[in-house]
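The next block is final.txt, given as compact mmCIF, N, CA and C atoms.
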```
# COMPACT_ATOMS: atom_id res chain seq x y z
N MET I 3 -66.23 7.20 -20.83
CA MET I 3 -65.66 8.52 -20.65
C MET I 3 -65.18 8.69 -19.21
N GLU I 4 -66.01 8.27 -18.26
CA GLU I 4 -65.65 8.35 -16.83
C GLU I 4 -64.43 7.50 -16.53
N THR I 5 -64.33 6.32 -17.12
CA THR I 5 -63.20 5.44 -16.91
C THR I 5 -61.92 6.08 -17.44
N ARG I 6 -62.04 6.73 -18.57
CA ARG I 6 -60.88 7.38 -19.17
C ARG I 6 -60.37 8.52 -18.28
N ARG I 7 -61.29 9.31 -17.71
CA ARG I 7 -60.91 10.41 -16.82
C ARG I 7 -60.24 9.87 -15.56
N ASN I 8 -60.77 8.79 -15.01
CA ASN I 8 -60.16 8.18 -13.83
C ASN I 8 -58.76 7.66 -14.15
N TYR I 9 -58.60 7.11 -15.34
CA TYR I 9 -57.31 6.60 -15.76
C TYR I 9 -56.29 7.74 -15.80
N PHE I 10 -56.65 8.90 -16.37
CA PHE I 10 -55.75 10.04 -16.44
C PHE I 10 -55.48 10.62 -15.05
N ASN I 11 -56.49 10.63 -14.18
CA ASN I 11 -56.26 11.10 -12.82
C ASN I 11 -55.25 10.20 -12.11
N LEU I 12 -55.35 8.91 -12.35
CA LEU I 12 -54.42 7.96 -11.75
C LEU I 12 -53.00 8.19 -12.28
N LEU I 13 -52.88 8.43 -13.59
CA LEU I 13 -51.57 8.72 -14.17
C LEU I 13 -50.99 10.01 -13.60
N ASP I 14 -51.84 11.03 -13.45
CA ASP I 14 -51.38 12.29 -12.85
C ASP I 14 -50.86 12.07 -11.44
N LEU I 15 -51.59 11.30 -10.67
CA LEU I 15 -51.19 11.02 -9.29
C LEU I 15 -49.86 10.26 -9.26
N MET I 16 -49.72 9.27 -10.13
CA MET I 16 -48.47 8.51 -10.18
C MET I 16 -47.29 9.40 -10.57
N LEU I 17 -47.50 10.32 -11.52
CA LEU I 17 -46.45 11.23 -11.95
C LEU I 17 -46.04 12.15 -10.80
N VAL I 18 -47.00 12.68 -10.08
CA VAL I 18 -46.70 13.56 -8.94
C VAL I 18 -45.92 12.80 -7.88
N LEU I 19 -46.33 11.59 -7.57
CA LEU I 19 -45.62 10.77 -6.58
C LEU I 19 -44.20 10.47 -7.04
N PHE I 20 -44.05 10.10 -8.29
CA PHE I 20 -42.72 9.80 -8.83
C PHE I 20 -41.81 11.03 -8.73
N LEU I 21 -42.30 12.19 -9.15
CA LEU I 21 -41.48 13.41 -9.11
C LEU I 21 -41.14 13.79 -7.66
N GLY I 22 -42.07 13.58 -6.76
CA GLY I 22 -41.80 13.87 -5.35
C GLY I 22 -40.71 12.99 -4.78
N VAL I 23 -40.79 11.70 -5.08
CA VAL I 23 -39.77 10.76 -4.58
C VAL I 23 -38.42 11.07 -5.24
N ALA I 24 -38.40 11.30 -6.53
CA ALA I 24 -37.16 11.59 -7.23
C ALA I 24 -36.52 12.87 -6.69
N GLY I 25 -37.33 13.89 -6.47
CA GLY I 25 -36.81 15.14 -5.92
C GLY I 25 -36.24 14.95 -4.53
N SER I 26 -36.92 14.17 -3.72
CA SER I 26 -36.44 13.90 -2.36
C SER I 26 -35.11 13.17 -2.38
N LEU I 27 -34.97 12.19 -3.25
CA LEU I 27 -33.72 11.45 -3.36
C LEU I 27 -32.58 12.34 -3.84
N PHE I 28 -32.88 13.23 -4.77
CA PHE I 28 -31.86 14.15 -5.27
C PHE I 28 -31.38 15.09 -4.17
N VAL I 29 -32.30 15.64 -3.41
CA VAL I 29 -31.94 16.54 -2.32
C VAL I 29 -31.11 15.80 -1.28
N ARG I 30 -31.50 14.58 -0.94
CA ARG I 30 -30.78 13.79 0.05
C ARG I 30 -29.37 13.46 -0.45
N ALA I 31 -29.24 13.08 -1.71
CA ALA I 31 -27.92 12.74 -2.28
C ALA I 31 -27.02 13.97 -2.31
N THR I 32 -27.57 15.12 -2.66
CA THR I 32 -26.79 16.35 -2.69
C THR I 32 -26.32 16.72 -1.30
N ALA I 33 -27.18 16.59 -0.31
CA ALA I 33 -26.80 16.89 1.08
C ALA I 33 -25.71 15.94 1.55
N ASN I 34 -25.82 14.65 1.22
CA ASN I 34 -24.80 13.68 1.62
C ASN I 34 -23.46 13.98 0.97
N ALA I 35 -23.46 14.42 -0.27
CA ALA I 35 -22.21 14.75 -0.95
C ALA I 35 -21.53 15.93 -0.25
N ALA I 36 -22.31 16.94 0.13
CA ALA I 36 -21.74 18.08 0.83
C ALA I 36 -21.19 17.65 2.19
N ASP I 37 -21.94 16.81 2.90
CA ASP I 37 -21.46 16.31 4.19
C ASP I 37 -20.17 15.53 4.00
N SER I 38 -20.11 14.74 2.96
CA SER I 38 -18.93 13.92 2.72
C SER I 38 -17.69 14.79 2.49
N ALA I 39 -17.82 15.86 1.75
CA ALA I 39 -16.69 16.75 1.50
C ALA I 39 -16.20 17.35 2.81
N GLU I 40 -17.12 17.77 3.66
CA GLU I 40 -16.73 18.31 4.96
C GLU I 40 -16.13 17.23 5.84
N ASP I 41 -16.67 16.03 5.78
CA ASP I 41 -16.12 14.91 6.55
C ASP I 41 -14.68 14.62 6.13
N ILE I 42 -14.43 14.61 4.84
CA ILE I 42 -13.08 14.33 4.32
C ILE I 42 -12.12 15.42 4.78
N LYS I 43 -12.55 16.65 4.72
CA LYS I 43 -11.70 17.75 5.18
C LYS I 43 -11.39 17.58 6.67
N GLY I 44 -12.37 17.13 7.44
CA GLY I 44 -12.15 16.88 8.86
C GLY I 44 -11.20 15.73 9.10
N ILE I 45 -11.33 14.67 8.31
CA ILE I 45 -10.41 13.53 8.43
C ILE I 45 -8.99 13.98 8.10
N TYR I 46 -8.85 14.76 7.03
CA TYR I 46 -7.53 15.28 6.67
C TYR I 46 -6.96 16.08 7.84
N GLY I 47 -7.78 16.93 8.43
CA GLY I 47 -7.34 17.74 9.55
C GLY I 47 -6.88 16.92 10.74
N LYS I 48 -7.56 15.80 11.00
CA LYS I 48 -7.21 14.96 12.15
C LYS I 48 -6.08 13.99 11.87
N LYS I 49 -6.04 13.43 10.68
CA LYS I 49 -5.09 12.35 10.38
C LYS I 49 -3.86 12.80 9.59
N CYS I 50 -4.01 13.79 8.74
CA CYS I 50 -2.95 14.12 7.79
C CYS I 50 -2.24 15.45 8.07
N ALA I 51 -3.01 16.42 8.55
CA ALA I 51 -2.47 17.78 8.68
C ALA I 51 -1.34 17.88 9.71
N VAL I 52 -1.27 16.95 10.65
CA VAL I 52 -0.20 17.01 11.64
C VAL I 52 1.18 16.95 10.97
N CYS I 53 1.28 16.24 9.88
CA CYS I 53 2.54 16.18 9.12
C CYS I 53 2.48 17.02 7.85
N HIS I 54 1.39 16.88 7.09
CA HIS I 54 1.29 17.55 5.79
C HIS I 54 0.88 19.01 5.90
N GLY I 55 0.35 19.42 7.05
CA GLY I 55 -0.11 20.79 7.22
C GLY I 55 -1.46 21.00 6.57
N SER I 56 -2.16 22.05 6.99
CA SER I 56 -3.51 22.28 6.48
C SER I 56 -3.54 22.55 4.97
N GLY I 57 -2.47 23.10 4.44
CA GLY I 57 -2.42 23.38 3.01
C GLY I 57 -1.62 22.40 2.19
N GLY I 58 -1.07 21.37 2.85
CA GLY I 58 -0.32 20.34 2.13
C GLY I 58 1.17 20.59 2.02
N ALA I 59 1.68 21.72 2.57
CA ALA I 59 3.08 22.10 2.39
C ALA I 59 4.05 21.33 3.27
N ALA I 60 3.57 20.60 4.26
CA ALA I 60 4.40 19.79 5.16
C ALA I 60 5.38 20.65 5.96
N LYS I 61 4.98 21.86 6.29
CA LYS I 61 5.86 22.74 7.05
C LYS I 61 5.53 22.74 8.54
N THR I 62 4.96 21.66 9.01
CA THR I 62 4.70 21.52 10.44
C THR I 62 5.96 20.97 11.11
N ALA I 63 6.02 21.06 12.43
CA ALA I 63 7.20 20.53 13.14
C ALA I 63 7.38 19.05 12.85
N LYS I 64 6.30 18.29 12.91
CA LYS I 64 6.39 16.86 12.65
C LYS I 64 6.70 16.59 11.18
N GLY I 65 6.15 17.39 10.28
CA GLY I 65 6.42 17.24 8.85
C GLY I 65 7.87 17.49 8.51
N ARG I 66 8.45 18.52 9.12
CA ARG I 66 9.87 18.82 8.88
C ARG I 66 10.75 17.72 9.45
N LYS I 67 10.42 17.29 10.67
CA LYS I 67 11.24 16.26 11.32
C LYS I 67 11.24 14.96 10.53
N SER I 68 10.08 14.59 9.99
CA SER I 68 9.97 13.32 9.26
C SER I 68 10.26 13.48 7.77
N LYS I 69 10.61 14.70 7.36
CA LYS I 69 10.91 14.98 5.95
C LYS I 69 9.73 14.62 5.03
N THR I 70 8.54 14.95 5.50
CA THR I 70 7.32 14.72 4.73
C THR I 70 7.34 15.63 3.51
N LYS I 71 6.91 15.08 2.38
CA LYS I 71 6.91 15.86 1.13
C LYS I 71 5.66 16.74 1.06
N ASP I 72 5.84 17.88 0.44
CA ASP I 72 4.74 18.78 0.13
C ASP I 72 3.88 18.09 -0.94
N VAL I 73 2.60 17.87 -0.64
CA VAL I 73 1.74 17.15 -1.59
C VAL I 73 1.45 17.97 -2.84
N ARG I 74 1.82 19.24 -2.83
CA ARG I 74 1.57 20.10 -3.99
C ARG I 74 2.70 20.06 -5.01
N LEU I 75 3.82 19.44 -4.65
CA LEU I 75 4.96 19.36 -5.56
C LEU I 75 4.61 18.55 -6.81
N PRO I 76 5.13 18.97 -7.97
CA PRO I 76 4.86 18.22 -9.21
C PRO I 76 5.23 16.74 -9.11
N GLU I 77 6.34 16.42 -8.45
CA GLU I 77 6.76 15.01 -8.35
C GLU I 77 5.75 14.18 -7.54
N VAL I 78 5.10 14.81 -6.58
CA VAL I 78 4.09 14.10 -5.80
C VAL I 78 2.78 14.04 -6.58
N GLN I 79 2.42 15.13 -7.22
CA GLN I 79 1.18 15.17 -8.00
C GLN I 79 1.23 14.23 -9.20
N LYS I 80 2.43 13.89 -9.69
CA LYS I 80 2.57 12.95 -10.81
C LYS I 80 2.13 11.54 -10.43
N MET I 81 2.17 11.24 -9.14
CA MET I 81 1.78 9.89 -8.71
C MET I 81 0.32 9.64 -9.06
N SER I 82 0.02 8.40 -9.39
CA SER I 82 -1.36 8.04 -9.73
C SER I 82 -2.22 8.02 -8.47
N ASP I 83 -3.52 8.10 -8.66
CA ASP I 83 -4.45 7.98 -7.53
C ASP I 83 -4.24 6.65 -6.82
N GLN I 84 -3.96 5.60 -7.58
CA GLN I 84 -3.74 4.28 -6.99
C GLN I 84 -2.50 4.28 -6.09
N GLN I 85 -1.45 4.97 -6.52
CA GLN I 85 -0.24 5.05 -5.68
C GLN I 85 -0.54 5.79 -4.38
N TRP I 86 -1.28 6.88 -4.47
CA TRP I 86 -1.65 7.63 -3.26
C TRP I 86 -2.52 6.75 -2.35
N TYR I 87 -3.46 6.05 -2.97
CA TYR I 87 -4.34 5.16 -2.22
C TYR I 87 -3.51 4.13 -1.45
N GLU I 88 -2.57 3.51 -2.13
CA GLU I 88 -1.73 2.48 -1.50
C GLU I 88 -0.91 3.04 -0.34
N ILE I 89 -0.42 4.25 -0.47
CA ILE I 89 0.35 4.86 0.61
C ILE I 89 -0.55 5.07 1.84
N ILE I 90 -1.76 5.54 1.61
CA ILE I 90 -2.68 5.75 2.74
C ILE I 90 -3.05 4.42 3.37
N VAL I 91 -3.28 3.41 2.55
CA VAL I 91 -3.68 2.09 3.05
C VAL I 91 -2.53 1.40 3.79
N LYS I 92 -1.33 1.43 3.21
CA LYS I 92 -0.20 0.67 3.76
C LYS I 92 0.72 1.48 4.66
N GLY I 93 0.65 2.81 4.54
CA GLY I 93 1.60 3.65 5.26
C GLY I 93 2.84 3.82 4.41
N LYS I 94 3.79 4.62 4.94
CA LYS I 94 5.02 4.84 4.18
C LYS I 94 6.17 5.05 5.17
N GLY I 95 7.17 4.21 5.03
CA GLY I 95 8.35 4.33 5.88
C GLY I 95 8.01 4.16 7.36
N GLU I 96 8.83 4.77 8.18
CA GLU I 96 8.65 4.67 9.63
C GLU I 96 7.67 5.71 10.16
N ASN I 97 7.41 6.75 9.38
CA ASN I 97 6.67 7.89 9.91
C ASN I 97 5.19 7.93 9.57
N MET I 98 4.77 7.18 8.57
CA MET I 98 3.35 7.21 8.22
C MET I 98 2.74 5.83 8.42
N ASP I 99 1.80 5.79 9.35
CA ASP I 99 1.10 4.54 9.65
C ASP I 99 0.07 4.22 8.57
N SER I 100 -0.34 2.96 8.55
CA SER I 100 -1.42 2.52 7.69
C SER I 100 -2.75 3.01 8.27
N TYR I 101 -3.64 3.43 7.39
CA TYR I 101 -4.98 3.84 7.83
C TYR I 101 -6.06 2.87 7.35
N ARG I 102 -5.64 1.68 6.91
CA ARG I 102 -6.58 0.67 6.38
C ARG I 102 -7.67 0.33 7.39
N LYS I 103 -7.34 0.20 8.65
CA LYS I 103 -8.33 -0.21 9.65
C LYS I 103 -9.18 0.95 10.16
N GLU I 104 -8.74 2.17 9.88
CA GLU I 104 -9.43 3.34 10.41
C GLU I 104 -10.35 4.03 9.40
N LEU I 105 -10.06 3.85 8.12
CA LEU I 105 -10.79 4.58 7.08
C LEU I 105 -11.42 3.62 6.08
N THR I 106 -12.55 4.02 5.55
CA THR I 106 -13.21 3.23 4.50
C THR I 106 -12.56 3.54 3.15
N ASP I 107 -12.85 2.72 2.16
CA ASP I 107 -12.34 2.97 0.81
C ASP I 107 -12.81 4.34 0.31
N ASP I 108 -14.07 4.68 0.55
CA ASP I 108 -14.59 5.97 0.10
C ASP I 108 -13.86 7.12 0.77
N GLN I 109 -13.55 6.98 2.05
CA GLN I 109 -12.82 8.03 2.75
C GLN I 109 -11.40 8.17 2.19
N ILE I 110 -10.76 7.06 1.91
CA ILE I 110 -9.41 7.10 1.35
C ILE I 110 -9.42 7.75 -0.03
N HIS I 111 -10.36 7.36 -0.87
CA HIS I 111 -10.47 7.99 -2.19
C HIS I 111 -10.77 9.48 -2.05
N GLY I 112 -11.59 9.83 -1.07
CA GLY I 112 -11.88 11.23 -0.81
C GLY I 112 -10.65 12.01 -0.38
N LEU I 113 -9.80 11.38 0.44
CA LEU I 113 -8.55 12.03 0.86
C LEU I 113 -7.63 12.26 -0.33
N VAL I 114 -7.54 11.29 -1.21
CA VAL I 114 -6.70 11.46 -2.41
C VAL I 114 -7.21 12.66 -3.21
N GLU I 115 -8.50 12.71 -3.43
CA GLU I 115 -9.09 13.82 -4.17
C GLU I 115 -8.86 15.15 -3.45
N TYR I 116 -9.03 15.15 -2.13
CA TYR I 116 -8.83 16.38 -1.35
C TYR I 116 -7.38 16.85 -1.44
N MET I 117 -6.43 15.92 -1.29
CA MET I 117 -5.02 16.32 -1.36
C MET I 117 -4.65 16.84 -2.75
N ARG I 118 -5.23 16.25 -3.78
CA ARG I 118 -4.99 16.77 -5.13
C ARG I 118 -5.53 18.19 -5.26
N SER I 119 -6.65 18.46 -4.60
CA SER I 119 -7.26 19.79 -4.70
C SER I 119 -6.42 20.85 -4.01
N LEU I 120 -5.52 20.47 -3.12
CA LEU I 120 -4.70 21.46 -2.42
C LEU I 120 -3.78 22.22 -3.36
N THR I 121 -3.47 21.65 -4.52
CA THR I 121 -2.62 22.34 -5.49
C THR I 121 -3.35 23.54 -6.10
N LYS I 122 -4.66 23.54 -6.01
CA LYS I 122 -5.45 24.60 -6.61
C LYS I 122 -5.69 25.76 -5.63
N GLN I 123 -5.29 25.56 -4.39
CA GLN I 123 -5.50 26.60 -3.38
C GLN I 123 -4.24 27.47 -3.27
N PRO I 124 -4.44 28.78 -3.10
CA PRO I 124 -3.26 29.64 -2.95
C PRO I 124 -2.53 29.32 -1.65
N PRO I 125 -1.20 29.41 -1.66
CA PRO I 125 -0.44 29.12 -0.44
C PRO I 125 -0.83 30.09 0.67
N LYS I 126 -0.83 29.58 1.91
CA LYS I 126 -1.14 30.41 3.07
C LYS I 126 0.14 31.11 3.52
N SER I 127 -0.01 32.36 3.85
CA SER I 127 1.16 33.14 4.29
C SER I 127 1.54 32.81 5.70
```

Starting from the file, give its structure as structure tokens.
Amino acid sequence: METRRNYFNLLDLMLVLFLGVAGSLFVRATANAADSAEDIKGIYGKKCAVCHGSGGAAKTAKGRKSKTKDVRLPEVQKMSDQQWYEIIVKGKGENMDSYRKELTDDQIHGLVEYMRSLTKQPPKS
């Protein structure tokens, strides 16, 4: 009887430890995802917004001069994620440099997702 009680106490302890570790990992993963979204927005602000503008409309001085396309246009949004990825990796024309050496794959995929999300934001006046 005593052995059986000790066995159940051990199982209870293992369950509590497992739930504690799982909860900690979940909280850490959720925090990292939120940080990543903010990091991507910051990267966009530093690397992309100079031409594309904060809302993607490309109405900046450099965007107008280089004839940068509004990323919210249907013709741009029709492009596949892979096409957007390749443009960020390789650059485009004379005005957009390659970011392959500066950004990780995850950051590039995050930028593609972020730029797609700009179509869902109301235009800034």

Find the residues of segment 32-76 of chain I that sit at most 7 Å from segment 91-113 of chain I; for each, write down the nearest two atoms and how far apart they are in Å, to one decimal. Count all atoms listed in the file. Sort by chain, then by number going up, and give it as CSV.
```
residue,atom,partner,partner_atom,distance
I:Ile42,CA,I:Gly112,C,5.8
I:Tyr46,CA,I:Leu113,CA,6.7
I:Ser68,CA,I:Asn97,CA,6.4
```

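Shortest atom-to-atom contact with Arg66 of chain I among I:Ile45, I:Ala39, I:Cys53, I:Met81: I:Cys53, counting all atoms listed in the file.
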
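From atom C of Val73 of chain I back to atom C of Leu120 of chain I, the distance works out to 6.8 Å.
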
Under the rule that only N, CA and C atoms are counted, which of I:Gly47, I:Ala59, I:Val114, I:Thr121 is the nearest residue to Asp83 of chain I?
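Looking at the shortest contact to Asp83 of chain I, the residue is I:Val114.
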
Å distance separating atom CA of Ser38 of chain I from atom CA of Glu77 of chain I, one decimal place
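Pair atom CA of Ser38 of chain I / atom CA of Glu77 of chain I returns 28.0 Å.
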
Centre and edge lengths of an axis-aligned box around all listed atoms of segment 68-77 of chain I, with 8 Å added on each side, are to be given in Å to one decimal, as JSON.
```
{"center_x": 6.2, "center_y": 16.7, "center_z": 0.4, "size_x": 25.5, "size_y": 22.8, "size_z": 35.2}
```

With DSSP run on the backbone, what are the helix (DSSP H, G or I) residues within segment 42-116 of chain I? I'd like them as a compact mmCIF listing (two decimals) with N, CA and C atoms, keeping the file's coordinate frame.
```txt
# COMPACT_ATOMS: atom_id res chain seq x y z
N ILE I 42 -14.43 14.61 4.84
CA ILE I 42 -13.08 14.33 4.32
C ILE I 42 -12.12 15.42 4.78
N LYS I 43 -12.55 16.65 4.72
CA LYS I 43 -11.70 17.75 5.18
C LYS I 43 -11.39 17.58 6.67
N GLY I 44 -12.37 17.13 7.44
CA GLY I 44 -12.15 16.88 8.86
C GLY I 44 -11.20 15.73 9.10
N ILE I 45 -11.33 14.67 8.31
CA ILE I 45 -10.41 13.53 8.43
C ILE I 45 -8.99 13.98 8.10
N TYR I 46 -8.85 14.76 7.03
CA TYR I 46 -7.53 15.28 6.67
C TYR I 46 -6.96 16.08 7.84
N GLY I 47 -7.78 16.93 8.43
CA GLY I 47 -7.34 17.74 9.55
C GLY I 47 -6.88 16.92 10.74
N LYS I 48 -7.56 15.80 11.00
CA LYS I 48 -7.21 14.96 12.15
C LYS I 48 -6.08 13.99 11.87
N LYS I 49 -6.04 13.43 10.68
CA LYS I 49 -5.09 12.35 10.38
C LYS I 49 -3.86 12.80 9.59
N CYS I 50 -4.01 13.79 8.74
CA CYS I 50 -2.95 14.12 7.79
C CYS I 50 -2.24 15.45 8.07
N ALA I 51 -3.01 16.42 8.55
CA ALA I 51 -2.47 17.78 8.68
C ALA I 51 -1.34 17.88 9.71
N VAL I 52 -1.27 16.95 10.65
CA VAL I 52 -0.20 17.01 11.64
C VAL I 52 1.18 16.95 10.97
N CYS I 53 1.28 16.24 9.88
CA CYS I 53 2.54 16.18 9.12
C CYS I 53 2.48 17.02 7.85
N HIS I 54 1.39 16.88 7.09
CA HIS I 54 1.29 17.55 5.79
C HIS I 54 0.88 19.01 5.90
N ALA I 63 6.02 21.06 12.43
CA ALA I 63 7.20 20.53 13.14
C ALA I 63 7.38 19.05 12.85
N LYS I 64 6.30 18.29 12.91
CA LYS I 64 6.39 16.86 12.65
C LYS I 64 6.70 16.59 11.18
N GLY I 65 6.15 17.39 10.28
CA GLY I 65 6.42 17.24 8.85
C GLY I 65 7.87 17.49 8.51
N ARG I 66 8.45 18.52 9.12
CA ARG I 66 9.87 18.82 8.88
C ARG I 66 10.75 17.72 9.45
N LYS I 67 10.42 17.29 10.67
CA LYS I 67 11.24 16.26 11.32
C LYS I 67 11.24 14.96 10.53
N PRO I 76 5.13 18.97 -7.97
CA PRO I 76 4.86 18.22 -9.21
C PRO I 76 5.23 16.74 -9.11
N GLU I 77 6.34 16.42 -8.45
CA GLU I 77 6.76 15.01 -8.35
C GLU I 77 5.75 14.18 -7.54
N VAL I 78 5.10 14.81 -6.58
CA VAL I 78 4.09 14.10 -5.80
C VAL I 78 2.78 14.04 -6.58
N GLN I 79 2.42 15.13 -7.22
CA GLN I 79 1.18 15.17 -8.00
C GLN I 79 1.23 14.23 -9.20
N ASP I 83 -3.52 8.10 -8.66
CA ASP I 83 -4.45 7.98 -7.53
C ASP I 83 -4.24 6.65 -6.82
N GLN I 84 -3.96 5.60 -7.58
CA GLN I 84 -3.74 4.28 -6.99
C GLN I 84 -2.50 4.28 -6.09
N GLN I 85 -1.45 4.97 -6.52
CA GLN I 85 -0.24 5.05 -5.68
C GLN I 85 -0.54 5.79 -4.38
N TRP I 86 -1.28 6.88 -4.47
CA TRP I 86 -1.65 7.63 -3.26
C TRP I 86 -2.52 6.75 -2.35
N TYR I 87 -3.46 6.05 -2.97
CA TYR I 87 -4.34 5.16 -2.22
C TYR I 87 -3.51 4.13 -1.45
N GLU I 88 -2.57 3.51 -2.13
CA GLU I 88 -1.73 2.48 -1.50
C GLU I 88 -0.91 3.04 -0.34
N ILE I 89 -0.42 4.25 -0.47
CA ILE I 89 0.35 4.86 0.61
C ILE I 89 -0.55 5.07 1.84
N ILE I 90 -1.76 5.54 1.61
CA ILE I 90 -2.68 5.75 2.74
C ILE I 90 -3.05 4.42 3.37
N VAL I 91 -3.28 3.41 2.55
CA VAL I 91 -3.68 2.09 3.05
C VAL I 91 -2.53 1.40 3.79
N LYS I 92 -1.33 1.43 3.21
CA LYS I 92 -0.20 0.67 3.76
C LYS I 92 0.72 1.48 4.66
N ASP I 107 -12.85 2.72 2.16
CA ASP I 107 -12.34 2.97 0.81
C ASP I 107 -12.81 4.34 0.31
N ASP I 108 -14.07 4.68 0.55
CA ASP I 108 -14.59 5.97 0.10
C ASP I 108 -13.86 7.12 0.77
N GLN I 109 -13.55 6.98 2.05
CA GLN I 109 -12.82 8.03 2.75
C GLN I 109 -11.40 8.17 2.19
N ILE I 110 -10.76 7.06 1.91
CA ILE I 110 -9.41 7.10 1.35
C ILE I 110 -9.42 7.75 -0.03
N HIS I 111 -10.36 7.36 -0.87
CA HIS I 111 -10.47 7.99 -2.19
C HIS I 111 -10.77 9.48 -2.05
N GLY I 112 -11.59 9.83 -1.07
CA GLY I 112 -11.88 11.23 -0.81
C GLY I 112 -10.65 12.01 -0.38
N LEU I 113 -9.80 11.38 0.44
CA LEU I 113 -8.55 12.03 0.86
C LEU I 113 -7.63 12.26 -0.33
N VAL I 114 -7.54 11.29 -1.21
CA VAL I 114 -6.70 11.46 -2.41
C VAL I 114 -7.21 12.66 -3.21
N GLU I 115 -8.50 12.71 -3.43
CA GLU I 115 -9.09 13.82 -4.17
C GLU I 115 -8.86 15.15 -3.45
N TYR I 116 -9.03 15.15 -2.13
CA TYR I 116 -8.83 16.38 -1.35
C TYR I 116 -7.38 16.85 -1.44
```

Measuring atom to atom with all atoms listed in the file, identify which of I:Gly44, I:Gln123, I:Lys67, I:Arg118 is nearest to Gln79 of chain I.
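Among the listed residues, I:Arg118 lies closest to Gln79 of chain I.
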
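Considering the residues I:Lys69, I:Pro76, I:Gln84, I:Lys122 and counting only C-alpha atoms, His54 of chain I has its shortest atom-to-atom contact with I:Lys69.
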
In Å, with one decimal, what is the gap from atom CA of Thr62 of chain I to atom CA of Tyr116 of chain I?
18.7 Å
